[in-house]
file run.cif (mmCIF, C-alpha atoms)
data_final
loop_
_atom_site.group_PDB
_atom_site.id
_atom_site.type_symbol
_atom_site.label_atom_id
_atom_site.label_comp_id
_atom_site.auth_asym_id
_atom_site.auth_seq_id
_atom_site.Cartn_x
_atom_site.Cartn_y
_atom_site.Cartn_z
ATOM 1 C CA MET I 17 21.740 16.782 -0.044
ATOM 2 C CA ASP I 18 20.860 20.032 1.753
ATOM 3 C CA SER I 19 17.402 19.980 0.197
ATOM 4 C CA SER I 20 16.893 16.359 1.255
ATOM 5 C CA LEU I 21 18.007 17.075 4.828
ATOM 6 C CA LEU I 22 15.645 20.042 5.024
ATOM 7 C CA THR I 23 12.772 17.892 3.756
ATOM 8 C CA LEU I 24 13.546 15.148 6.291
ATOM 9 C CA THR I 25 13.728 17.680 9.130
ATOM 10 C CA LEU I 26 10.383 19.239 8.248
ATOM 11 C CA ILE I 27 8.736 15.812 7.968
ATOM 12 C CA CYS I 28 10.147 14.747 11.335
ATOM 13 C CA ILE I 29 8.821 17.921 12.981
ATOM 14 C CA ALA I 30 5.400 17.413 11.374
ATOM 15 C CA LEU I 31 5.257 13.798 12.575
ATOM 16 C CA LEU I 32 6.189 14.823 16.113
ATOM 17 C CA ILE I 33 3.427 17.444 16.154
ATOM 18 C CA ILE I 34 0.852 14.971 14.795
ATOM 19 C CA HIS I 35 1.922 12.343 17.324
ATOM 20 C CA LEU I 36 1.588 14.799 20.213
ATOM 21 C CA ILE I 37 -1.849 15.914 19.003
ATOM 22 C CA TYR I 38 -2.897 12.256 18.784
ATOM 23 C CA ILE I 39 -1.794 11.589 22.380
ATOM 24 C CA VAL I 40 -3.691 14.641 23.661
ATOM 25 C CA VAL I 41 -6.861 13.823 21.731
ATOM 26 C CA VAL I 42 -6.885 10.198 22.898
ATOM 27 C CA LYS I 43 -6.634 11.309 26.534
ATOM 28 C CA THR I 44 -9.278 14.039 26.222
ATOM 29 C CA GLN I 45 -11.770 11.958 24.180
ATOM 30 C CA PRO I 46 -11.585 8.402 25.574
ATOM 31 C CA ASN I 47 -15.032 7.550 24.177
ATOM 32 C CA LYS I 48 -13.779 7.697 20.577
ATOM 33 C CA ASP I 49 -11.908 4.862 18.881
ATOM 34 C CA TYR I 50 -8.643 6.267 17.552
ATOM 35 C CA ALA I 51 -6.830 2.932 17.288
ATOM 36 C CA THR I 52 -6.715 3.139 13.498
ATOM 37 C CA ILE I 53 -5.101 6.586 13.658
ATOM 38 C CA GLY I 54 -2.492 5.281 16.072
ATOM 39 C CA LEU I 55 -1.611 2.465 13.692
ATOM 40 C CA ARG I 56 -1.351 4.920 10.823
ATOM 41 C CA ILE I 57 1.059 7.097 12.804
ATOM 42 C CA LYS I 58 3.256 4.067 13.483
ATOM 43 C CA THR I 59 3.197 3.370 9.755
ATOM 44 C CA TRP I 60 4.266 6.954 9.047
ATOM 45 C CA TRP I 61 7.236 6.626 11.377
ATOM 46 C CA GLY I 62 8.215 3.372 9.693
ATOM 47 C CA MET I 63 7.962 4.893 6.221
ATOM 48 C CA PHE I 64 9.894 7.936 7.394
ATOM 49 C CA PHE I 65 12.680 5.665 8.659
ATOM 50 C CA ILE I 66 12.812 3.822 5.328
ATOM 51 C CA PHE I 67 12.851 7.141 3.476
ATOM 52 C CA CYS I 68 15.771 8.348 5.637
ATOM 53 C CA LEU I 69 17.765 5.215 4.870
ATOM 54 C CA ALA I 70 17.034 5.472 1.171
ATOM 55 C CA THR I 71 17.811 9.190 0.953
ATOM 56 C CA LEU I 72 20.858 9.416 3.186
ATOM 57 C CA PHE I 73 22.433 6.036 2.471
ATOM 58 C CA ASN I 74 21.489 3.669 -0.361
ATOM 59 C CA PRO I 75 18.270 2.805 -2.248
ATOM 60 C CA ILE I 76 19.125 -0.898 -1.836
ATOM 61 C CA VAL I 77 18.303 -0.529 1.863
ATOM 62 C CA SER I 78 14.897 0.800 0.918
ATOM 63 C CA LEU I 79 14.415 -2.066 -1.549
ATOM 64 C CA LEU I 80 15.185 -4.683 1.107
ATOM 65 C CA SER I 81 12.927 -2.967 3.640
ATOM 66 C CA LEU I 82 10.013 -2.891 1.213
ATOM 67 C CA MET I 83 10.651 -6.524 0.292
ATOM 68 C CA VAL I 84 10.277 -7.437 3.966
ATOM 69 C CA LEU I 85 7.086 -5.374 4.129
ATOM 70 C CA THR I 86 5.573 -7.255 1.186
ATOM 71 C CA PHE I 87 6.515 -10.572 2.805
ATOM 72 C CA PHE I 88 4.659 -9.771 6.030
ATOM 73 C CA ALA I 89 1.668 -8.351 4.153
ATOM 74 C CA LEU I 90 1.440 -11.517 2.035
ATOM 75 C CA LYS I 91 1.928 -13.705 5.117
ATOM 76 C CA GLU I 92 -0.994 -12.051 6.877
ATOM 77 C CA TYR I 93 -3.094 -12.320 3.747
ATOM 78 C CA PHE I 94 -2.430 -16.065 3.591
ATOM 79 C CA SER I 95 -3.369 -16.356 7.260
ATOM 80 C CA MET I 96 -6.926 -15.378 6.276
ATOM 81 C CA ILE I 97 -7.312 -18.158 3.718
ATOM 82 C CA ARG I 98 -8.891 -21.399 4.859
ATOM 83 C CA SER I 99 -6.195 -23.524 3.323
ATOM 84 C CA ARG I 100 -5.742 -27.266 2.972
ATOM 85 C CA LYS I 101 -2.510 -29.151 3.410
ATOM 86 C CA ALA I 102 -2.275 -29.292 -0.375
ATOM 87 C CA ASP I 103 -2.047 -25.493 -0.504
ATOM 88 C CA ARG I 104 1.175 -25.199 1.506
ATOM 89 C CA ARG I 105 3.377 -25.893 -1.503
ATOM 90 C CA LEU I 106 1.437 -23.229 -3.398
ATOM 91 C CA PHE I 107 2.116 -20.652 -0.671
ATOM 92 C CA LEU I 108 5.808 -21.561 -0.659
ATOM 93 C CA TRP I 109 6.098 -20.829 -4.379
ATOM 94 C CA ALA I 110 4.253 -17.563 -3.837
ATOM 95 C CA TYR I 111 6.786 -16.505 -1.197
ATOM 96 C CA LEU I 112 9.653 -17.405 -3.527
ATOM 97 C CA ALA I 113 8.223 -15.005 -6.107
ATOM 98 C CA ILE I 114 8.950 -12.044 -3.800
ATOM 99 C CA PRO I 115 12.777 -11.976 -4.057
ATOM 100 C CA VAL I 116 12.546 -12.691 -7.787
ATOM 101 C CA GLN I 117 10.206 -9.729 -8.305
ATOM 102 C CA PHE I 118 12.514 -7.435 -6.364
ATOM 103 C CA TYR I 119 15.545 -8.761 -8.250
ATOM 104 C CA TRP I 120 14.025 -7.431 -11.477
ATOM 105 C CA ILE I 121 13.811 -4.043 -9.777
ATOM 106 C CA TYR I 122 17.426 -4.224 -8.621
ATOM 107 C CA ILE I 123 18.760 -4.896 -12.127
ATOM 108 C CA GLY I 124 16.331 -2.397 -13.678
ATOM 109 C CA TRP I 125 14.585 -4.874 -15.995
ATOM 110 C CA TYR I 126 11.272 -3.092 -16.324
ATOM 111 C CA GLY I 127 9.858 -5.467 -18.939
ATOM 112 C CA MET I 128 10.198 -8.512 -16.700
ATOM 113 C CA PHE I 129 9.157 -6.576 -13.593
ATOM 114 C CA ILE I 130 5.854 -5.648 -15.196
ATOM 115 C CA VAL I 131 4.944 -9.105 -16.561
ATOM 116 C CA PHE I 132 6.520 -11.548 -14.106
ATOM 117 C CA ILE I 133 3.619 -11.836 -11.630
ATOM 118 C CA PRO I 134 0.644 -10.953 -13.891
ATOM 119 C CA ILE I 135 1.718 -13.396 -16.638
ATOM 120 C CA TYR I 136 4.436 -15.900 -15.756
ATOM 121 C CA VAL I 137 3.473 -16.494 -12.137
ATOM 122 C CA PHE I 138 -0.201 -16.558 -13.130
ATOM 123 C CA LEU I 139 0.485 -19.284 -15.698
ATOM 124 C CA LEU I 140 2.901 -21.373 -13.613
ATOM 125 C CA LEU I 141 1.416 -20.971 -10.128
ATOM 126 C CA PRO I 142 -1.231 -23.722 -10.542
ATOM 127 C CA LEU I 143 1.395 -26.411 -11.262
ATOM 128 C CA PRO I 144 2.430 -27.084 -7.633
ATOM 129 C CA ARG I 145 -1.255 -27.352 -6.734
ATOM 130 C CA LEU I 146 -2.084 -29.685 -9.606
ATOM 131 C CA ILE I 147 0.617 -32.306 -9.176
ATOM 132 C CA ASN I 148 -0.807 -35.165 -7.077
ATOM 133 C CA LYS I 149 -3.049 -32.793 -5.113
ATOM 134 C CA GLY I 150 -6.455 -33.407 -6.676
ATOM 135 C CA THR I 151 -9.041 -30.893 -7.794
ATOM 136 C CA VAL I 152 -10.932 -30.125 -4.567
ATOM 137 C CA GLY I 153 -10.668 -26.408 -3.803
ATOM 138 C CA PHE I 154 -8.321 -25.834 -6.743
ATOM 139 C CA LEU I 155 -9.913 -22.660 -8.127
ATOM 140 C CA ARG I 156 -10.326 -20.967 -4.758
ATOM 141 C CA SER I 157 -6.778 -21.672 -3.566
ATOM 142 C CA VAL I 158 -5.060 -20.684 -6.814
ATOM 143 C CA SER I 159 -7.148 -17.568 -7.467
ATOM 144 C CA SER I 160 -6.883 -16.314 -3.875
ATOM 145 C CA THR I 161 -3.108 -16.836 -3.944
ATOM 146 C CA GLN I 162 -2.810 -14.933 -7.209
ATOM 147 C CA TRP I 163 -4.909 -12.100 -5.765
ATOM 148 C CA GLY I 164 -2.510 -11.892 -2.827
ATOM 149 C CA LEU I 165 0.529 -11.763 -5.102
ATOM 150 C CA MET I 166 -1.000 -9.068 -7.293
ATOM 151 C CA LEU I 167 -1.927 -6.802 -4.383
ATOM 152 C CA MET I 168 0.717 -7.409 -1.731
ATOM 153 C CA VAL I 169 3.739 -8.090 -3.961
ATOM 154 C CA PHE I 170 3.150 -6.662 -7.429
ATOM 155 C CA GLY I 171 1.278 -3.556 -6.227
ATOM 156 C CA LEU I 172 3.595 -2.684 -3.341
ATOM 157 C CA SER I 173 6.783 -3.498 -5.277
ATOM 158 C CA HIS I 174 6.198 -0.366 -7.351
ATOM 159 C CA LEU I 175 7.262 1.642 -4.289
ATOM 160 C CA ALA I 176 10.749 0.167 -4.583
ATOM 161 C CA TYR I 177 11.032 0.739 -8.332
ATOM 162 C CA PHE I 178 10.723 4.525 -8.137
ATOM 163 C CA GLN I 179 14.278 5.023 -6.898
ATOM 164 C CA PHE I 180 15.758 2.738 -9.548
ATOM 165 C CA ALA I 181 13.669 4.144 -12.400
ATOM 166 C CA ALA I 182 14.239 7.785 -11.434
ATOM 167 C CA PRO I 183 17.179 8.183 -8.996
ATOM 168 C CA GLN I 184 16.888 11.969 -9.097
ATOM 169 C CA TYR I 185 13.260 12.138 -7.960
ATOM 170 C CA GLY I 186 12.462 8.610 -6.777
ATOM 171 C CA ALA I 187 12.701 8.976 -2.999
ATOM 172 C CA LYS I 188 10.689 12.207 -2.941
ATOM 173 C CA LEU I 189 8.045 10.775 -5.264
ATOM 174 C CA VAL I 190 7.619 7.820 -2.899
ATOM 175 C CA LEU I 191 7.298 10.225 0.013
ATOM 176 C CA PHE I 192 4.734 12.294 -1.906
ATOM 177 C CA LEU I 193 2.727 9.158 -2.642
ATOM 178 C CA VAL I 194 2.863 7.760 0.893
ATOM 179 C CA VAL I 195 1.990 11.083 2.540
ATOM 180 C CA LEU I 196 -1.048 11.653 0.331
ATOM 181 C CA THR I 197 -2.225 8.034 0.571
ATOM 182 C CA GLN I 198 -2.005 7.961 4.357
ATOM 183 C CA LEU I 199 -3.525 11.438 4.685
ATOM 184 C CA ASN I 200 -6.418 10.367 2.461
ATOM 185 C CA ASP I 201 -7.024 7.308 4.661
ATOM 186 C CA VAL I 202 -6.893 9.292 7.907
ATOM 187 C CA ALA I 203 -9.140 12.080 6.609
ATOM 188 C CA HIS I 204 -11.640 9.490 5.405
ATOM 189 C CA TYR I 205 -11.563 7.679 8.756
ATOM 190 C CA LEU I 206 -11.978 10.826 10.860
ATOM 191 C CA ALA I 207 -14.836 12.140 8.730
ATOM 192 C CA SER I 208 -16.593 8.773 8.914
ATOM 193 C CA LEU I 209 -16.025 8.645 12.682
ATOM 194 C CA TYR I 210 -17.483 12.077 13.410
ATOM 195 C CA PHE I 211 -20.239 12.573 10.826
ATOM 196 C CA GLY I 212 -20.308 9.537 8.565
ATOM 197 C CA LYS I 213 -23.834 8.125 8.158
ATOM 198 C CA ARG I 214 -24.106 6.454 4.754
ATOM 199 C CA LYS I 215 -21.879 3.376 4.898
ATOM 200 C CA ILE I 216 -20.707 1.998 1.566
ATOM 201 C CA VAL I 217 -20.013 -1.580 2.670
ATOM 202 C CA PRO I 218 -21.335 -1.882 6.251
ATOM 203 C CA THR I 219 -20.805 -5.655 6.341
ATOM 204 C CA SER I 220 -17.051 -5.419 5.718
ATOM 205 C CA ASN I 221 -15.889 -2.000 6.950
ATOM 206 C CA PRO I 222 -18.244 0.442 8.705
ATOM 207 C CA ASN I 223 -15.528 3.129 8.604
ATOM 208 C CA ILE I 224 -15.874 3.565 4.835
ATOM 209 C CA THR I 225 -18.657 6.077 4.203
ATOM 210 C CA TRP I 226 -19.706 8.452 1.438
ATOM 211 C CA GLU I 227 -19.226 11.389 3.808
ATOM 212 C CA GLY I 228 -15.673 10.222 4.474
ATOM 213 C CA PHE I 229 -14.923 10.054 0.774
ATOM 214 C CA ALA I 230 -16.477 13.488 0.151
ATOM 215 C CA PHE I 231 -14.260 14.971 2.869
ATOM 216 C CA ALA I 232 -11.013 13.110 2.079
ATOM 217 C CA PHE I 233 -11.097 13.859 -1.656
ATOM 218 C CA PRO I 234 -10.694 17.681 -1.437
ATOM 219 C CA VAL I 235 -8.340 17.380 1.564
ATOM 220 C CA THR I 236 -5.976 15.157 -0.427
ATOM 221 C CA ILE I 237 -6.119 17.477 -3.437
ATOM 222 C CA ALA I 238 -5.350 20.475 -1.203
ATOM 223 C CA ALA I 239 -2.404 18.647 0.365
ATOM 224 C CA SER I 240 -1.114 17.735 -3.081
ATOM 225 C CA TYR I 241 -1.334 21.397 -4.097
ATOM 226 C CA LEU I 242 0.728 22.402 -1.058
ATOM 227 C CA ILE I 243 3.539 19.818 -1.242
ATOM 228 C CA TYR I 244 3.950 18.986 -4.950
ATOM 229 C CA PRO I 245 6.432 21.879 -5.607
ATOM 230 C CA TYR I 246 8.816 20.491 -2.959
ATOM 231 C CA LEU I 247 8.640 16.752 -3.656
ATOM 232 C CA THR I 248 7.868 16.398 -7.373
ATOM 233 C CA PRO I 249 8.859 17.838 -10.764
ATOM 234 C CA PHE I 250 5.159 18.300 -11.671
ATOM 235 C CA ASP I 251 3.471 21.493 -12.770
ATOM 236 C CA LEU I 252 0.360 22.840 -11.030
ATOM 237 C CA LYS I 253 -2.170 21.005 -13.196
ATOM 238 C CA PHE I 254 -0.459 17.637 -12.895
ATOM 239 C CA GLY I 255 0.093 18.119 -9.168
ATOM 240 C CA ILE I 256 -3.656 18.553 -8.644
ATOM 241 C CA ILE I 257 -4.511 15.664 -10.974
ATOM 242 C CA MET I 258 -2.184 13.354 -9.038
ATOM 243 C CA GLY I 259 -3.897 14.339 -5.805
ATOM 244 C CA MET I 260 -7.224 13.346 -7.358
ATOM 245 C CA LEU I 261 -5.871 10.031 -8.669
ATOM 246 C CA ILE I 262 -4.253 9.106 -5.357
ATOM 247 C CA SER I 263 -7.450 9.868 -3.452
ATOM 248 C CA LEU I 264 -9.618 7.833 -5.837
ATOM 249 C CA SER I 265 -7.265 4.866 -6.148
ATOM 250 C CA GLY I 266 -6.651 4.845 -2.391
ATOM 251 C CA PHE I 267 -10.391 4.752 -1.768
ATOM 252 C CA PHE I 268 -10.870 1.830 -4.167
ATOM 253 C CA GLY I 269 -7.868 0.015 -2.675
ATOM 254 C CA SER I 270 -9.156 0.310 0.873
ATOM 255 C CA LEU I 271 -12.652 -0.687 -0.235
ATOM 256 C CA THR I 272 -11.441 -3.718 -2.229
ATOM 257 C CA VAL I 273 -9.152 -5.087 0.478
ATOM 258 C CA SER I 274 -11.873 -4.613 3.118
ATOM 259 C CA VAL I 275 -14.372 -6.640 1.088
ATOM 260 C CA LEU I 276 -11.702 -9.219 0.282
ATOM 261 C CA LYS I 277 -10.838 -9.683 3.959
ATOM 262 C CA ARG I 278 -14.490 -10.033 4.950
ATOM 263 C CA ASP I 279 -15.130 -12.582 2.210
ATOM 264 C CA LEU I 280 -12.171 -14.702 3.294
ATOM 265 C CA LEU I 281 -13.056 -14.452 6.993
ATOM 266 C CA ILE I 282 -16.821 -14.960 6.958
ATOM 267 C CA GLY I 283 -17.705 -16.615 10.246
ATOM 268 C CA ASP I 284 -14.377 -15.775 11.909
ATOM 269 C CA ASP I 285 -14.998 -12.382 13.506
ATOM 270 C CA ASN I 286 -12.175 -12.725 16.058
ATOM 271 C CA LYS I 287 -9.533 -13.073 13.368
ATOM 272 C CA PHE I 288 -11.155 -10.266 11.357
ATOM 273 C CA ASP I 289 -10.874 -7.893 14.344
ATOM 274 C CA ALA I 290 -7.262 -8.929 14.932
ATOM 275 C CA LEU I 291 -6.328 -8.200 11.314
ATOM 276 C CA LYS I 292 -7.482 -4.599 11.704
ATOM 277 C CA LYS I 293 -4.118 -4.028 13.429
ATOM 278 C CA SER I 294 -2.096 -5.915 10.837
ATOM 279 C CA TYR I 295 0.363 -4.822 8.152
ATOM 280 C CA LEU I 296 -2.367 -5.518 5.629
ATOM 281 C CA SER I 297 -4.672 -2.891 7.090
ATOM 282 C CA ARG I 298 -1.895 -0.300 6.995
ATOM 283 C CA VAL I 299 -0.925 -0.782 3.344
ATOM 284 C CA ASP I 300 -4.288 -1.633 1.768
ATOM 285 C CA SER I 301 -4.585 1.704 -0.030
ATOM 286 C CA LEU I 302 -0.957 1.626 -1.184
ATOM 287 C CA THR I 303 -1.607 -1.612 -3.087
ATOM 288 C CA TYR I 304 -3.691 0.496 -5.491
ATOM 289 C CA THR I 305 -2.100 3.957 -5.318
ATOM 290 C CA SER I 306 1.465 2.697 -5.935
ATOM 291 C CA PRO I 307 0.949 1.127 -9.395
ATOM 292 C CA VAL I 308 -1.494 3.837 -10.517
ATOM 293 C CA PHE I 309 0.885 6.636 -9.526
ATOM 294 C CA PHE I 310 3.890 4.863 -11.033
ATOM 295 C CA HIS I 311 2.381 4.117 -14.435
ATOM 296 C CA VAL I 312 0.735 7.499 -14.885
ATOM 297 C CA ILE I 313 4.090 9.196 -14.247
ATOM 298 C CA ARG I 314 5.879 6.764 -16.555
ATOM 299 C CA TYR I 315 3.408 7.496 -19.339
ATOM 300 C CA PHE I 316 3.621 11.298 -19.120
ATOM 301 C CA PHE I 317 7.253 11.910 -18.062
ATOM 302 C CA ASP I 318 10.507 10.906 -19.716
ATOM 303 C CA PHE I 319 12.540 10.630 -16.503
ATOM 304 C CA MET I 320 10.760 7.371 -15.592
#

call {"tool": "encode", "arguments": {"input": "run.cif", "output": "structure tokens"}}
result
Amino acid sequence: MDSSLLTLTLICIALLIIHLIYIVVVKTQPNKDYATIGLRIKTWWGMFFIFCLATLFNPIVSLLSLMVLTFFALKEYFSMIRSRKADRRLFLWAYLAIPVQFYWIYIGWYGMFIVFIPIYVFLLLPLPRLINKGTVGFLRSVSSTQWGLMLMVFGLSHLAYFQFAAPQYGAKLVLFLVVLTQLNDVAHYLASLYFGKRKIVPTSNPNITWEGFAFAFPVTIAASYLIYPYLTPFDLKFGIIMGMLISLSGFFGSLTVSVLKRDLLIGDDNKFDALKKSYLSRVDSLTYTSPVFFHVIRYFFDFM
């Protein structure tokens, strides 16, 4: 417990310093757009609060908090889809899959947790849409709903499973993952803001550039090198490798969700701008880094 309290104290101090620096920079450089950084800092405080509850009290609190997070992320994802009245029943069944997915985590049934959404939900999800609803728009509505479940529910639910799969290390592994993922996003954004020129997908997200990736990749690896001894049971080589994997998977997650949002919101720029401040924009990278991090650890370490 002493080690956990020390870790929480150091994180709180670091967040306070970062928040103060952000306030000063925003006031001294009003011509720069730091809105994304501000949203990330709010996300960090939220994750820190969840981590405190999970570490000092009970992992069930963390599970419920993450379940709520996946609900709001999926809700905002569905708000982007141009749906018909026939799709409402489909969305309802998708929402009902959330507590079921987290129930598998609670009882520790890894086999069902890993196949429930990719297999059973995938096979059964079209049924509510098929019955007396016709065929118009069937493929788009079903496939887009399944995409949302895979990213917002299946991907993010891995964050909750860490503490049930590895009670000894789970909370710190989640913290390690979240810190590196968010740091990678912020480093990429700042580099793109100040010296990014070659945009990867300018039509969907002008803040994703090759210069940003080239800067964020070594920064994330360096951060992993510095914090892995305190938050993980890894050795030096694996600590560096995990920094590389988190940076790469976070980049692909942010890129994929950005393109996905733009595709769903073509012709609706007002809603696209509004969603930049949504839950979805704050957890886009985690939808990729969480499952990648989880399954790599499970493959190489016995404690998972």

call {"tool": "resolve_selection", "arguments": {"input": "run.cif", "expression": "the PyMOL selection byres ((chain I and resi 203-209) around 7)", "output": "list in words"}}
result
Leu199, Asn200, Asp201, Val202, Tyr210, Phe211, Gly212, Asn223, Ile224, Thr225, Glu227, Gly228, Phe229, Phe231 and Ala232 of chain I

call {"tool": "atom_distance", "arguments": {"input": "run.cif", "atom1": "atom CA of I:Arg56", "atom2": "atom CA of I:Ile262"}}
result
17.0 Å

call {"tool": "residues_around", "arguments": {"input": "run.cif", "residues": "stretch 161-165 of chain I", "least_positions_apart": "4", "cutoff": "9 Å", "atoms": "all atoms listed in the file", "output": "number ranges by chain"}}
result
I: 89-90, 93-94, 97, 106-107, 110-111, 113-114, 133-134, 137-138, 141, 156-157, 169-171

call {"tool": "atom_distance", "arguments": {"input": "run.cif", "atom1": "atom CA of I:Trp61", "atom2": "atom CA of I:Leu175"}}
result
16.4 Å

call {"tool": "residues_around", "arguments": {"input": "run.cif", "residues": "I:Phe319", "least_positions_apart": "6", "cutoff": "10 Å", "atoms": "all atoms listed in the file", "output": "NGL selection string"}}
result
:I and (181-186 or 249 or 313)

call {"tool": "atom_distance", "arguments": {"input": "run.cif", "atom1": "atom CA of I:Phe309", "atom2": "atom CA of I:Ile121"}}
result
16.8 Å

call {"tool": "residues_near_point", "arguments": {"input": "run.cif", "point": "(-8.1, -25.8, -6.5)", "cutoff": "12 Å", "atoms": "all atoms listed in the file", "output": "list in words"}}
result
Ser99, Arg100, Lys101, Ala102, Asp103, Leu106, Leu141, Pro142, Leu143, Pro144, Arg145, Leu146, Ile147, Asn148, Lys149, Gly150, Thr151, Val152, Gly153, Phe154, Leu155, Arg156, Ser157, Val158, Ser159, Ser160 and Thr161 of chain I

call {"tool": "closest_residue", "arguments": {"input": "run.cif", "among": "I:Met168, I:Val41, I:Tyr177, I:Leu82", "to": "I:Phe129", "atoms": "all atoms listed in the file"}}
result
I:Tyr177

call {"tool": "residues_around", "arguments": {"input": "run.cif", "residues": "I:Ala176", "least_positions_apart": "5", "cutoff": "9 Å", "atoms": "all atoms listed in the file", "output": "ChimeraX atom specification"}}
result
/I:75-76,78-80,82-83,118,121-122,186,190

call {"tool": "closest_residue", "arguments": {"input": "run.cif", "among": "I:Pro46, I:Val299, I:Tyr304, I:His311", "to": "I:Leu85", "atoms": "all atoms listed in the file"}}
result
I:Val299

call {"tool": "closest_residue", "arguments": {"input": "run.cif", "among": "I:Gly269, I:Pro222, I:Gly259, I:Gly62", "to": "I:Pro234", "atoms": "only C-alpha atoms"}}
result
I:Gly259

call {"tool": "residues_near_point", "arguments": {"input": "run.cif", "point": "(-0.2, 6.7, 11.2)", "cutoff": "12 Å", "atoms": "all atoms listed in the file", "output": "ChimeraX atom specification"}}
result
/I:31-32,34-35,38,50-64,194-203,205,293,295,297-299

call {"tool": "residues_around", "arguments": {"input": "run.cif", "residues": "I:Lys253", "least_positions_apart": "6", "cutoff": "12 Å", "atoms": "all atoms listed in the file", "output": "VMD selection string"}}
result
chain I and resid 237 240 to 241 244 to 245 259 to 260

call {"tool": "closest_residue", "arguments": {"input": "run.cif", "among": "I:Lys48, I:Ser274, I:Lys215, I:Gly124", "to": "I:Gln179", "atoms": "all atoms listed in the file"}}
result
I:Gly124
